[in-house]
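S.K.: My structure file work-v2.csv, CSV, N, CA and C atoms, is below:
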chain,number,residue,atom,x,y,z
A,11,MET,N,172.5,172.5,215.4
A,11,MET,CA,171.9,171.8,214.2
A,11,MET,C,170.7,172.7,213.7
A,12,ASP,N,170.4,172.5,212.4
A,12,ASP,CA,169.4,173.3,211.8
A,12,ASP,C,168.1,172.4,211.7
A,13,VAL,N,167.0,173.0,211.2
A,13,VAL,CA,165.7,172.3,211.1
A,13,VAL,C,165.9,171.0,210.3
A,14,GLU,N,166.5,171.1,209.1
A,14,GLU,CA,166.6,170.0,208.2
A,14,GLU,C,167.3,168.8,208.8
A,15,THR,N,168.4,169.1,209.6
A,15,THR,CA,169.2,168.1,210.2
A,15,THR,C,168.3,167.4,211.3
A,16,HIS,N,167.6,168.1,212.1
A,16,HIS,CA,166.7,167.5,213.1
A,16,HIS,C,165.6,166.6,212.4
A,17,LEU,N,165.1,167.1,211.3
A,17,LEU,CA,164.1,166.3,210.6
A,17,LEU,C,164.7,165.0,210.0
A,18,GLN,N,165.9,165.1,209.5
A,18,GLN,CA,166.6,163.9,208.9
A,18,GLN,C,166.9,162.9,210.0
A,19,LEU,N,167.3,163.4,211.2
A,19,LEU,CA,167.6,162.5,212.3
A,19,LEU,C,166.3,161.9,212.8
A,20,ARG,N,165.2,162.6,212.9
A,20,ARG,CA,163.9,162.0,213.2
A,20,ARG,C,163.6,160.9,212.3
A,21,SER,N,163.7,161.2,211.0
A,21,SER,CA,163.4,160.2,210.0
A,21,SER,C,164.3,158.9,210.1
A,22,ALA,N,165.5,159.2,210.4
A,22,ALA,CA,166.4,158.0,210.6
A,22,ALA,C,166.0,157.1,211.7
A,23,TYR,N,165.5,157.7,212.8
A,23,TYR,CA,164.9,156.9,213.9
A,23,TYR,C,163.6,156.3,213.5
A,24,ASP,N,162.9,156.9,212.7
A,24,ASP,CA,161.6,156.3,212.2
A,24,ASP,C,161.9,155.0,211.5
A,25,VAL,N,162.9,154.9,210.7
A,25,VAL,CA,163.2,153.6,210.0
A,25,VAL,C,164.2,152.7,210.8
A,26,GLY,N,164.5,153.1,212.0
A,26,GLY,CA,165.3,152.2,212.8
A,26,GLY,C,166.8,152.1,212.5
A,27,VAL,N,167.4,153.2,212.0
A,27,VAL,CA,168.8,153.3,211.8
A,27,VAL,C,169.5,153.3,213.1
A,28,GLY,N,170.6,152.5,213.2
A,28,GLY,CA,171.3,152.5,214.5
A,28,GLY,C,170.9,151.3,215.4
A,29,ASN,N,171.6,151.1,216.4
A,29,ASN,CA,171.4,150.1,217.4
A,29,ASN,C,170.9,150.7,218.7
A,30,VAL,N,169.7,151.2,218.7
A,30,VAL,CA,169.2,151.9,219.9
A,30,VAL,C,167.9,151.2,220.4
A,31,PRO,N,167.8,151.0,221.7
A,31,PRO,CA,166.6,150.3,222.2
A,31,PRO,C,165.3,151.1,221.8
A,32,TYR,N,164.2,150.4,221.6
A,32,TYR,CA,163.0,151.0,221.0
A,32,TYR,C,162.5,152.2,221.7
A,33,ASP,N,162.4,152.2,223.1
A,33,ASP,CA,162.0,153.3,223.8
A,33,ASP,C,162.9,154.5,223.7
A,34,GLU,N,164.2,154.3,223.7
A,34,GLU,CA,165.2,155.3,223.5
A,34,GLU,C,165.1,155.9,222.1
A,35,GLU,N,164.8,155.1,221.1
A,35,GLU,CA,164.7,155.5,219.7
A,35,GLU,C,163.4,156.4,219.6
A,36,ALA,N,162.4,156.1,220.3
A,36,ALA,CA,161.1,156.9,220.3
A,36,ALA,C,161.4,158.2,221.0
A,37,ARG,N,162.1,158.2,222.1
A,37,ARG,CA,162.4,159.5,222.8
A,37,ARG,C,163.3,160.4,221.9
A,38,ARG,N,164.3,159.8,221.3
A,38,ARG,CA,165.2,160.6,220.4
A,38,ARG,C,164.4,161.2,219.2
A,39,ARG,N,163.5,160.3,218.6
A,39,ARG,CA,162.7,160.8,217.5
A,39,ARG,C,161.8,162.0,217.9
A,40,PHE,N,161.2,161.9,219.0
A,40,PHE,CA,160.4,163.0,219.5
A,40,PHE,C,161.2,164.2,219.8
A,41,ASP,N,162.3,164.0,220.4
A,41,ASP,CA,163.2,165.2,220.7
A,41,ASP,C,163.6,165.9,219.5
A,42,HIS,N,164.0,165.2,218.4
A,42,HIS,CA,164.4,165.8,217.2
A,42,HIS,C,163.2,166.5,216.5
A,43,HIS,N,162.0,165.9,216.6
A,43,HIS,CA,160.8,166.5,216.0
A,43,HIS,C,160.5,167.8,216.7
A,44,LEU,N,160.5,167.8,218.0
A,44,LEU,CA,160.3,169.0,218.8
A,44,LEU,C,161.3,170.1,218.5
A,45,LYS,N,162.5,169.7,218.5
A,45,LYS,CA,163.6,170.7,218.2
A,45,LYS,C,163.4,171.3,216.8
A,46,ALA,N,163.1,170.5,215.8
A,46,ALA,CA,162.8,171.0,214.5
A,46,ALA,C,161.7,172.0,214.4
A,47,VAL,N,160.6,171.7,215.2
A,47,VAL,CA,159.5,172.6,215.2
A,47,VAL,C,159.9,173.9,215.9
A,48,GLU,N,160.6,173.8,217.0
A,48,GLU,CA,161.0,175.0,217.8
A,48,GLU,C,161.9,175.9,216.9
A,49,LEU,N,162.7,175.3,216.0
A,49,LEU,CA,163.6,176.0,215.1
A,49,LEU,C,162.9,176.5,213.9
A,50,GLY,N,161.6,176.2,213.7
A,50,GLY,CA,160.9,176.8,212.6
A,50,GLY,C,160.4,175.9,211.5
A,51,ALA,N,160.4,174.6,211.8
A,51,ALA,CA,159.9,173.6,210.8
A,51,ALA,C,158.5,174.0,210.4
A,52,GLY,N,158.0,173.7,209.2
A,52,GLY,CA,156.7,174.1,208.6
A,52,GLY,C,155.5,173.6,209.4
A,53,PRO,N,154.4,174.1,209.0
A,53,PRO,CA,153.1,173.8,209.7
A,53,PRO,C,152.7,172.3,209.7
A,54,ILE,N,153.2,171.5,208.7
A,54,ILE,CA,152.9,170.1,208.7
A,54,ILE,C,153.5,169.4,209.9
A,55,HIS,N,154.8,169.8,210.2
A,55,HIS,CA,155.5,169.3,211.3
A,55,HIS,C,154.9,169.8,212.7
A,56,THR,N,154.5,171.0,212.7
A,56,THR,CA,154.0,171.6,213.9
A,56,THR,C,152.6,171.0,214.2
A,57,LEU,N,151.8,170.7,213.2
A,57,LEU,CA,150.5,170.1,213.4
A,57,LEU,C,150.7,168.6,213.9
A,58,ALA,N,151.7,168.0,213.3
A,58,ALA,CA,152.0,166.6,213.8
A,58,ALA,C,152.4,166.6,215.3
A,59,LEU,N,153.2,167.6,215.7
A,59,LEU,CA,153.6,167.7,217.1
A,59,LEU,C,152.3,168.0,218.0
A,60,ALA,N,151.4,168.8,217.5
A,60,ALA,CA,150.2,169.1,218.3
A,60,ALA,C,149.4,167.8,218.5
A,61,ARG,N,149.3,167.0,217.4
A,61,ARG,CA,148.6,165.7,217.5
A,61,ARG,C,149.3,164.7,218.4
A,62,ILE,N,150.6,164.7,218.5
A,62,ILE,CA,151.3,163.9,219.4
A,62,ILE,C,150.9,164.2,220.9
A,63,TYR,N,150.9,165.5,221.1
A,63,TYR,CA,150.5,166.0,222.5
A,63,TYR,C,149.0,165.7,222.8
A,64,VAL,N,148.2,165.7,221.8
A,64,VAL,CA,146.7,165.4,222.1
A,64,VAL,C,146.6,163.9,222.5
A,65,MET,N,147.2,163.0,221.7
A,65,MET,CA,147.0,161.6,221.9
A,65,MET,C,148.0,161.0,222.8
A,66,GLY,N,149.2,161.6,222.9
A,66,GLY,CA,150.3,160.9,223.6
A,66,GLY,C,150.9,159.9,222.8
A,67,ALA,N,152.0,159.4,223.2
A,67,ALA,CA,152.8,158.4,222.4
A,67,ALA,C,153.7,157.7,223.4
A,68,LEU,N,154.4,156.7,222.9
A,68,LEU,CA,155.4,156.0,223.8
A,68,LEU,C,156.3,157.0,224.5
A,69,GLU,N,156.7,158.0,223.8
A,69,GLU,CA,157.7,158.9,224.4
A,69,GLU,C,157.2,160.1,225.1
A,70,VAL,N,155.9,160.4,225.0
A,70,VAL,CA,155.3,161.6,225.6
A,70,VAL,C,153.9,161.3,226.1
A,71,LYS,N,153.5,161.8,227.2
A,71,LYS,CA,152.2,161.6,227.8
A,71,LYS,C,151.3,162.7,227.1
A,72,PRO,N,150.0,162.4,227.0
A,72,PRO,CA,149.1,163.5,226.5
A,72,PRO,C,149.2,164.7,227.3
A,73,ASN,N,149.2,165.9,226.7
A,73,ASN,CA,149.3,167.1,227.3
A,73,ASN,C,148.5,168.1,226.5
A,74,LEU,N,147.2,168.4,226.9
A,74,LEU,CA,146.4,169.2,226.1
A,74,LEU,C,146.8,170.7,226.1
A,75,LYS,N,147.5,171.1,227.1
A,75,LYS,CA,148.0,172.5,227.2
A,75,LYS,C,149.1,172.7,226.1
A,76,GLU,N,150.0,171.7,226.0
A,76,GLU,CA,151.0,171.8,224.9
A,76,GLU,C,150.4,171.6,223.5
A,77,ALA,N,149.4,170.7,223.5
A,77,ALA,CA,148.7,170.6,222.2
A,77,ALA,C,148.1,171.9,221.7
A,78,VAL,N,147.4,172.6,222.6
A,78,VAL,CA,146.8,173.9,222.2
A,78,VAL,C,147.9,174.8,221.7
A,79,ARG,N,149.0,174.9,222.5
A,79,ARG,CA,150.1,175.8,222.1
A,79,ARG,C,150.6,175.5,220.7
A,80,TRP,N,150.8,174.2,220.4
A,80,TRP,CA,151.3,173.9,219.0
A,80,TRP,C,150.3,174.0,217.9
A,81,TYR,N,149.0,173.8,218.3
A,81,TYR,CA,148.0,174.0,217.3
A,81,TYR,C,147.9,175.5,216.9
A,82,LYS,N,148.0,176.4,218.0
A,82,LYS,CA,148.0,177.8,217.7
A,82,LYS,C,149.2,178.2,216.8
A,83,HIS,N,150.4,177.6,217.1
A,83,HIS,CA,151.6,177.9,216.3
A,83,HIS,C,151.4,177.5,214.9
A,84,ALA,N,150.8,176.3,214.7
A,84,ALA,CA,150.5,175.8,213.3
A,84,ALA,C,149.6,176.8,212.6
A,85,ILE,N,148.6,177.3,213.3
A,85,ILE,CA,147.6,178.2,212.7
A,85,ILE,C,148.4,179.5,212.3
A,86,GLN,N,149.3,180.0,213.1
A,86,GLN,CA,150.1,181.1,212.8
A,86,GLN,C,150.9,180.9,211.5
A,87,GLN,N,151.3,179.6,211.3
A,87,GLN,CA,152.1,179.3,210.1
A,87,GLN,C,151.2,179.1,208.9
A,88,GLY,N,149.9,179.2,209.1
A,88,GLY,CA,148.9,179.1,208.0
A,88,GLY,C,148.2,177.8,207.8
A,89,SER,N,148.2,177.0,208.8
A,89,SER,CA,147.5,175.7,208.7
A,89,SER,C,146.0,175.8,209.1
A,90,VAL,N,145.1,175.7,208.0
A,90,VAL,CA,143.7,175.7,208.2
A,90,VAL,C,143.3,174.4,209.0
A,91,GLU,N,143.9,173.3,208.6
A,91,GLU,CA,143.6,172.0,209.3
A,91,GLU,C,143.8,172.1,210.8
A,92,ALA,N,144.9,172.8,211.2
A,92,ALA,CA,145.1,173.0,212.7
A,92,ALA,C,144.0,173.8,213.3
A,93,ALA,N,143.5,174.8,212.6
A,93,ALA,CA,142.4,175.6,213.1
A,93,ALA,C,141.2,174.7,213.4
A,94,HIS,N,140.8,173.9,212.4
A,94,HIS,CA,139.7,173.0,212.6
A,94,HIS,C,139.9,172.0,213.7
A,95,GLU,N,141.1,171.4,213.8
A,95,GLU,CA,141.4,170.5,214.9
A,95,GLU,C,141.4,171.2,216.3
A,96,LEU,N,141.9,172.4,216.4
A,96,LEU,CA,141.9,173.1,217.6
A,96,LEU,C,140.4,173.4,218.0
A,97,GLN,N,139.6,173.8,217.1
A,97,GLN,CA,138.2,174.1,217.4
A,97,GLN,C,137.6,172.8,218.0
A,98,ARG,N,137.8,171.7,217.3
A,98,ARG,CA,137.3,170.4,217.8
A,98,ARG,C,137.8,170.0,219.2
A,99,LEU,N,139.1,170.3,219.4
A,99,LEU,CA,139.7,170.0,220.7
A,99,LEU,C,139.0,170.9,221.8
A,100,TYR,N,138.8,172.2,221.5
A,100,TYR,CA,138.1,173.0,222.5
A,100,TYR,C,136.7,172.5,222.8
A,101,LYS,N,136.0,172.0,221.8
A,101,LYS,CA,134.7,171.5,222.0
A,101,LYS,C,134.8,170.2,222.9
A,102,HIS,N,135.8,169.4,222.6
A,102,HIS,CA,136.0,168.2,223.4
A,102,HIS,C,136.2,168.5,224.9
A,103,ILE,N,137.1,169.5,225.1
A,103,ILE,CA,137.5,169.9,226.5
A,103,ILE,C,136.2,170.5,227.2
A,104,GLU,N,135.5,171.3,226.5
A,104,GLU,CA,134.2,171.8,227.0
A,104,GLU,C,133.2,170.8,227.4
A,105,ASN,N,133.1,169.7,226.6
A,105,ASN,CA,132.2,168.6,226.9
A,105,ASN,C,132.7,167.9,228.1
A,106,LEU,N,134.0,167.6,228.2
A,106,LEU,CA,134.5,167.0,229.4
A,106,LEU,C,134.3,167.7,230.6
A,107,GLU,N,134.5,169.1,230.6
A,107,GLU,CA,134.2,169.9,231.7
A,107,GLU,C,132.8,169.9,232.1
A,108,ARG,N,131.9,169.9,231.2
A,108,ARG,CA,130.4,169.9,231.4
A,108,ARG,C,130.1,168.6,232.1
A,109,GLN,N,130.6,167.5,231.5
A,109,GLN,CA,130.3,166.2,232.1
A,109,GLN,C,130.8,166.0,233.5
A,110,SER,N,132.0,166.6,233.7
A,110,SER,CA,132.7,166.5,235.0
A,110,SER,C,131.8,167.2,236.1
A,111,ARG,N,131.3,168.4,235.7
A,111,ARG,CA,130.5,169.2,236.6
A,111,ARG,C,129.2,168.4,237.0
A,112,LYS,N,128.7,167.6,236.0
A,112,LYS,CA,127.5,166.8,236.3
A,112,LYS,C,127.8,165.5,237.0
A,113,GLY,N,129.1,165.2,237.1
A,113,GLY,CA,129.5,164.0,237.8
A,113,GLY,C,129.5,162.8,236.9
A,114,GLY,N,129.4,163.0,235.6
A,114,GLY,CA,129.2,161.9,234.6
A,114,GLY,C,130.5,161.4,234.0
A,115,VAL,N,131.6,161.9,234.3
A,115,VAL,CA,132.8,161.5,233.7
A,115,VAL,C,133.6,160.6,234.6
A,116,THR,N,133.8,159.4,234.2
A,116,THR,CA,134.6,158.5,235.0
A,116,THR,C,136.1,158.4,234.6
A,117,GLN,N,136.3,158.7,233.3
A,117,GLN,CA,137.6,158.7,232.7
A,117,GLN,C,137.7,159.7,231.7
A,118,LEU,N,138.8,160.5,231.7
A,118,LEU,CA,139.0,161.5,230.7
A,118,LEU,C,139.6,160.8,229.5
A,119,ARG,N,139.1,161.0,228.3
A,119,ARG,CA,139.6,160.5,227.1
A,119,ARG,C,140.0,161.6,226.2
A,120,HIS,N,141.1,161.4,225.5
A,120,HIS,CA,141.5,162.4,224.5
A,120,HIS,C,140.9,162.1,223.2
A,121,PRO,N,140.5,163.2,222.4
A,121,PRO,CA,139.9,163.0,221.1
A,121,PRO,C,140.9,162.4,220.1
A,122,ARG,N,140.3,161.7,219.2
A,122,ARG,CA,141.1,161.2,218.1
A,122,ARG,C,141.2,162.3,217.0
A,123,PRO,N,142.4,162.7,216.6
A,123,PRO,CA,142.5,163.7,215.5
A,123,PRO,C,141.6,163.2,214.3
A,124,PRO,N,141.1,164.2,213.5
A,124,PRO,CA,140.2,163.8,212.5
A,124,PRO,C,140.8,162.9,211.4
A,125,SER,N,142.1,162.9,211.3
A,125,SER,CA,142.7,162.1,210.3
A,125,SER,C,143.0,160.7,210.7
A,126,SER,N,142.7,160.4,212.0
A,126,SER,CA,143.0,159.1,212.6
A,126,SER,C,141.7,158.2,212.4
A,127,PRO,N,141.8,157.1,211.7
A,127,PRO,CA,140.6,156.3,211.5
A,127,PRO,C,140.2,155.6,212.8
A,128,ALA,N,138.9,155.3,212.9
A,128,ALA,CA,138.5,154.6,214.1
A,128,ALA,C,139.0,153.1,214.0
A,129,LYS,N,139.3,152.5,215.1
A,129,LYS,CA,139.8,151.2,215.2
A,129,LYS,C,138.7,150.3,215.8
A,130,ALA,N,138.8,149.0,215.5
A,130,ALA,CA,137.9,148.1,216.2
A,130,ALA,C,138.1,148.2,217.7
A,131,GLY,N,137.0,148.3,218.4
A,131,GLY,CA,137.1,148.4,219.9
A,131,GLY,C,137.0,149.9,220.4
A,132,ASP,N,137.1,150.9,219.4
A,132,ASP,CA,137.0,152.2,219.8
A,132,ASP,C,135.5,152.5,220.3
A,133,PRO,N,135.4,153.3,221.4
A,133,PRO,CA,134.0,153.5,221.8
A,133,PRO,C,133.2,154.3,220.7
A,134,VAL,N,132.0,154.1,220.6
A,134,VAL,CA,131.1,154.8,219.7
A,134,VAL,C,130.6,156.1,220.4
A,135,ARG,N,130.8,157.2,219.7
A,135,ARG,CA,130.4,158.5,220.3
A,135,ARG,C,129.0,158.8,219.8
A,136,ARG,N,128.1,159.2,220.7
A,136,ARG,CA,126.7,159.5,220.3
A,136,ARG,C,126.4,160.9,220.7
A,137,ASP,N,127.4,161.8,220.9
A,137,ASP,CA,127.1,163.1,221.3
A,137,ASP,C,127.1,164.1,220.1
A,138,GLY,N,127.3,163.6,218.8
A,138,GLY,CA,127.3,164.4,217.7
A,138,GLY,C,128.5,165.3,217.5
A,139,ASN,N,129.6,165.1,218.3
A,139,ASN,CA,130.8,165.9,218.2
A,139,ASN,C,131.9,165.2,217.5
A,140,ASP,N,131.7,164.4,216.6
A,140,ASP,CA,132.8,163.7,215.9
A,140,ASP,C,133.4,164.6,214.9
Written as structure tokens, that's how I'd like the structure from this file.
M.R.:
Amino acid sequence: MDVETHLQLRSAYDVGVGNVPYDEEARRRFDHHLKAVELGAGPIHTLALARIYVMGALEVKPNLKEAVRWYKHAIQQGSVEAAHELQRLYKHIENLERQSRKGGVTQLRHPRPPSSPAKAGDPVRRDGND
């Protein structure tokens, strides 16, 4: 299959085409997204994949190493937005490591991508690294 076919199949799962259980639908949607990016889908799709790896989703656990890999790929494809988000992710990782060395981290949290609005109940950050 080519990039466009994988993107169309991903979109079909987005709107719930077919009779597939929700978690299986999510896994298939992610698999088609990943395959499309691996085959050369544009920077918008690569950036979306990096964000999935930062935050995690039903079908994939957060994986910062994979997130960095796909952010770098999106940057190579010309995404300025990916460069900004990767810089922010590096700062977040650095802060976590610093806090961990001081013994101040009780739980590792993944950063919210800049395009994701804060939700009620989200912790308020007071470190100036928003």
S.K.: Rounded to one decimal in Å, what is the spacing between atom N of Ala93 in chain A and atom N of Ala77 in chain A?
M.R.: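 The value is 13.1 Å.
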S.K.: When you look at Val78 in chain A with a cut-off of 6.5 Å (counting all atoms listed in the file), what residues show up, excluding the ones that are within fewer than 5 positions of it in the same chain? I need them as a list of chain:residue names.
M.R.: A:Ala60, A:Asn73, A:His83
S.K.: For the selection you just gave me, I'd like the residues written to a file as a JSON list (two decimals), in the frame of the given file, keeping N, CA and C atoms.
M.R.:
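part39.json, written as the output of this step:
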[["chain", "number", "residue", "atom", "x", "y", "z"],
["A", 60, "ALA", "N", 151.40, 168.80, 217.50],
["A", 60, "ALA", "CA", 150.20, 169.10, 218.30],
["A", 60, "ALA", "C", 149.40, 167.80, 218.50],
["A", 73, "ASN", "N", 149.20, 165.90, 226.70],
["A", 73, "ASN", "CA", 149.30, 167.10, 227.30],
["A", 73, "ASN", "C", 148.50, 168.10, 226.50],
["A", 83, "HIS", "N", 150.40, 177.60, 217.10],
["A", 83, "HIS", "CA", 151.60, 177.90, 216.30],
["A", 83, "HIS", "C", 151.40, 177.50, 214.90]]
S.K.: Atom C of Glu104 in chain A and atom C of Arg79 in chain A are how many Å apart?
M.R.: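 Atom C of Glu104 in chain A sits 19.2 Å away from atom C of Arg79 in chain A.
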S.K.: In Å, with one decimal, what is the gap from atom N of Glu14 in chain A to CA of His94 in chain A?
M.R.: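 Value for the atom N of Glu14 in chain A-CA of His94 in chain A distance: 27.1 Å.
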S.K.: Using only C-alpha atoms, determine which residues lie at most 12 Å from Asp12 in chain A, disregarding the query and same-chain residues fewer than 2 positions distant; provide the list as a list in words.
M.R.: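 The contact residues come out as Glu14, Thr15, His16, Leu17, Gln18, Leu19, His42, His43, Lys45, Ala46, Val47, Glu48, Leu49, Gly50 and Ala51 of chain A.
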S.K.: Which one of A:Glu69, A:Ala92, A:Thr56, A:Tyr63 sits closest to Arg38 in chain A if you count all atoms listed in the file?
M.R.: A:Glu69
S.K.: Pick out the closest residue to Arg39 in chain A from this set: A:Arg61, A:His55, A:Arg98, A:Arg20. Count all atoms listed in the file.
M.R.: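 Looking at the shortest contact to Arg39 in chain A, the residue is A:Arg20.
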S.K.: Running DSSP on the backbone, which parts of range 15-122 of chain A land in alpha helix (DSSP H), as a PyMOL selection string?
M.R.: chain A and resi 15-24+32-48+53-65+74-86+90-112
S.K.: Taking 4 positions as the minimum chain separation for residues in the same chain, which residues sit within 7 Å of Pro72 in chain A when counting only N, CA and C atoms? Answer as a list in words.
M.R.: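 Here the answer would be Ile62, Tyr63, Val64, Met65, Gly66 and Ala67 of chain A.
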